[in-house]
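Asks: I am sharing run04.pdb, which consists of PDB, C-alpha atoms, pLDDT in the B column:
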ATOM      1  CA  MET G   1     248.058  92.919 257.465  1.00 57.00           C
ATOM      2  CA  SER G   2     250.711  95.526 256.738  1.00 70.00           C
ATOM      3  CA  PHE G   3     254.439  95.555 257.353  1.00 69.00           C
ATOM      4  CA  VAL G   4     255.570  97.332 260.523  1.00 69.00           C
ATOM      5  CA  PRO G   5     259.315  97.962 260.882  1.00 79.00           C
ATOM      6  CA  LEU G   6     260.843  96.273 263.924  1.00 74.00           C
ATOM      7  CA  LYS G   7     261.884  99.632 265.392  1.00 76.00           C
ATOM      8  CA  ASP G   8     258.217 100.712 265.447  1.00 83.00           C
ATOM      9  CA  LYS G   9     257.095  97.714 267.508  1.00 84.00           C
ATOM     10  CA  SER G  10     256.895  97.563 271.280  1.00 86.00           C
ATOM     11  CA  PRO G  11     259.913  96.143 273.142  1.00 86.00           C
ATOM     12  CA  ALA G  12     257.962  92.951 273.881  1.00 87.00           C
ATOM     13  CA  GLU G  13     257.080  92.536 270.191  1.00 90.00           C
ATOM     14  CA  GLN G  14     260.704  93.173 269.181  1.00 92.00           C
ATOM     15  CA  ARG G  15     261.942  90.578 271.657  1.00 94.00           C
ATOM     16  CA  ASP G  16     259.357  88.007 270.567  1.00 94.00           C
ATOM     17  CA  PHE G  17     260.258  88.493 266.912  1.00 94.00           C
ATOM     18  CA  LEU G  18     264.002  88.203 267.541  1.00 95.00           C
ATOM     19  CA  LEU G  19     263.551  84.972 269.497  1.00 96.00           C
ATOM     20  CA  TYR G  20     261.290  83.599 266.745  1.00 96.00           C
ATOM     21  CA  TYR G  21     263.866  84.578 264.115  1.00 96.00           C
ATOM     22  CA  ALA G  22     266.665  82.910 266.082  1.00 97.00           C
ATOM     23  CA  GLY G  23     264.640  79.703 266.283  1.00 97.00           C
ATOM     24  CA  VAL G  24     263.957  79.710 262.551  1.00 96.00           C
ATOM     25  CA  MET G  25     267.624  80.257 261.719  1.00 96.00           C
ATOM     26  CA  GLU G  26     268.694  77.416 264.028  1.00 96.00           C
ATOM     27  CA  ARG G  27     266.106  75.019 262.569  1.00 97.00           C
ATOM     28  CA  GLU G  28     267.125  75.915 259.019  1.00 96.00           C
ATOM     29  CA  ALA G  29     270.803  75.377 259.824  1.00 96.00           C
ATOM     30  CA  ASP G  30     270.011  72.009 261.442  1.00 95.00           C
ATOM     31  CA  ALA G  31     268.020  71.000 258.344  1.00 96.00           C
ATOM     32  CA  ARG G  32     271.100  71.449 256.140  1.00 94.00           C
ATOM     33  CA  PRO G  33     273.733  69.008 257.415  1.00 90.00           C
ATOM     34  CA  GLY G  34     276.976  69.095 255.505  1.00 90.00           C
ATOM     35  CA  GLN G  35     276.428  72.637 254.240  1.00 93.00           C
ATOM     36  CA  ASN G  36     278.161  75.735 255.519  1.00 93.00           C
ATOM     37  CA  CYS G  37     275.445  77.279 257.691  1.00 93.00           C
ATOM     38  CA  ASP G  38     277.718  79.193 260.060  1.00 94.00           C
ATOM     39  CA  TRP G  39     276.140  82.466 258.924  1.00 95.00           C
ATOM     40  CA  MET G  40     272.721  81.155 260.013  1.00 95.00           C
ATOM     41  CA  ARG G  41     274.020  80.106 263.401  1.00 96.00           C
ATOM     42  CA  SER G  42     275.813  83.414 263.932  1.00 96.00           C
ATOM     43  CA  GLY G  43     272.642  85.281 262.918  1.00 96.00           C
ATOM     44  CA  ALA G  44     270.664  83.267 265.465  1.00 97.00           C
ATOM     45  CA  GLU G  45     273.195  84.053 268.193  1.00 97.00           C
ATOM     46  CA  ARG G  46     273.105  87.752 267.326  1.00 97.00           C
ATOM     47  CA  ALA G  47     269.300  87.787 267.457  1.00 96.00           C
ATOM     48  CA  LYS G  48     269.409  86.111 270.886  1.00 97.00           C
ATOM     49  CA  ARG G  49     271.898  88.727 272.140  1.00 97.00           C
ATOM     50  CA  GLU G  50     269.736  91.560 270.811  1.00 95.00           C
ATOM     51  CA  ALA G  51     266.633  90.032 272.425  1.00 95.00           C
ATOM     52  CA  ALA G  52     268.431  89.696 275.756  1.00 95.00           C
ATOM     53  CA  ALA G  53     269.472  93.357 275.608  1.00 95.00           C
ATOM     54  CA  ILE G  54     265.901  94.655 275.253  1.00 92.00           C
ATOM     55  CA  ASP G  55     264.643  96.360 278.403  1.00 85.00           C
ATOM     56  CA  GLN G  56     261.378  94.666 279.370  1.00 79.00           C
ATOM     57  CA  THR G  57     260.260  97.135 282.014  1.00 76.00           C
ATOM     58  CA  PRO G  58     256.945  98.810 281.198  1.00 70.00           C
ATOM     59  CA  ALA G  59     257.158 102.285 279.686  1.00 65.00           C
ATOM     60  CA  GLN G  60     254.472 103.530 282.056  1.00 69.00           C
ATOM     61  CA  GLY G  61     255.488 104.070 285.651  1.00 65.00           C
ATOM     62  CA  ASP G  62     253.773 102.620 288.683  1.00 63.00           C
ATOM     63  CA  LEU G  63     250.271 104.083 288.841  1.00 66.00           C
ATOM     64  CA  PHE G  64     249.692 103.444 292.526  1.00 70.00           C
ATOM     65  CA  GLY G  65     253.010 104.483 294.041  1.00 66.00           C
ATOM     66  CA  ALA G  66     254.898 101.387 295.033  1.00 62.00           C
ATOM     67  CA  PRO G  67     256.008 101.360 298.674  1.00 59.00           C
ATOM     68  CA  GLN G  68     259.589 102.461 299.127  1.00 56.00           C
TER
END
Using the file provided, produce a representation of the structure as structure tokens.
Replies:
Amino acid sequence: MSFVPLKDKSPAEQRDFLLYYAGVMEREADARPGQNCDWMRSGAERAKREAAAIDQTPAQGDLFGAPQ
């Protein structure tokens, strides 16, 4: 398996990765009580915002001409 930059992945793959990353950061922050993990929590929130901003509409248009 080779490394593929996030910008070279499909929008669905980008969104899935960002949501996975956010979950990891939140779990890691929760696993460190008493430590300053604000940067992890802010990174998770940023990843969630970026994931929410990704347009999920298919790149290919409607093949059969949707009724208007």
Asks: Check the smallest atom-to-atom distance from each of G:Lys7, G:Met25, G:Ala53, G:Leu18 to Met40 in chain G using only C-alpha atoms, then report the winner.
Replies: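 So, comparing all the options, the nearest one is G:Met25.
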Asks: Could you give me, as a count of residues only, the residues that have an atom at most 7 Å away from the point (263.3, 93.2, 276.3) in the coordinates of the file, using only C-alpha atoms?
Replies: 9
Asks: Could you tell me how far CA of Ala47 in chain G sits from CA of Tyr20 in chain G, in Å to one decimal place?
Replies: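 Result for CA of Tyr20 in chain G versus CA of Ala47 in chain G: 9.1 Å, one decimal.
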Asks: Name the residues that the PyMOL selection byres ((chain G and resi 26) around 12) picks from the file above, as a list in words, using the file's chain letters and numbers.
Replies: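 When the PyMOL selection byres ((chain G and resi 26) around 12) is applied to the shown file, the picked residues are Leu19, Tyr20, Tyr21, Ala22, Gly23, Val24, Met25, Arg27, Glu28, Ala29, Asp30, Ala31, Arg32, Pro33, Cys37, Asp38, Trp39, Met40, Arg41, Ser42, Gly43, Ala44, Glu45, Arg46, Ala47 and Lys48 of chain G.
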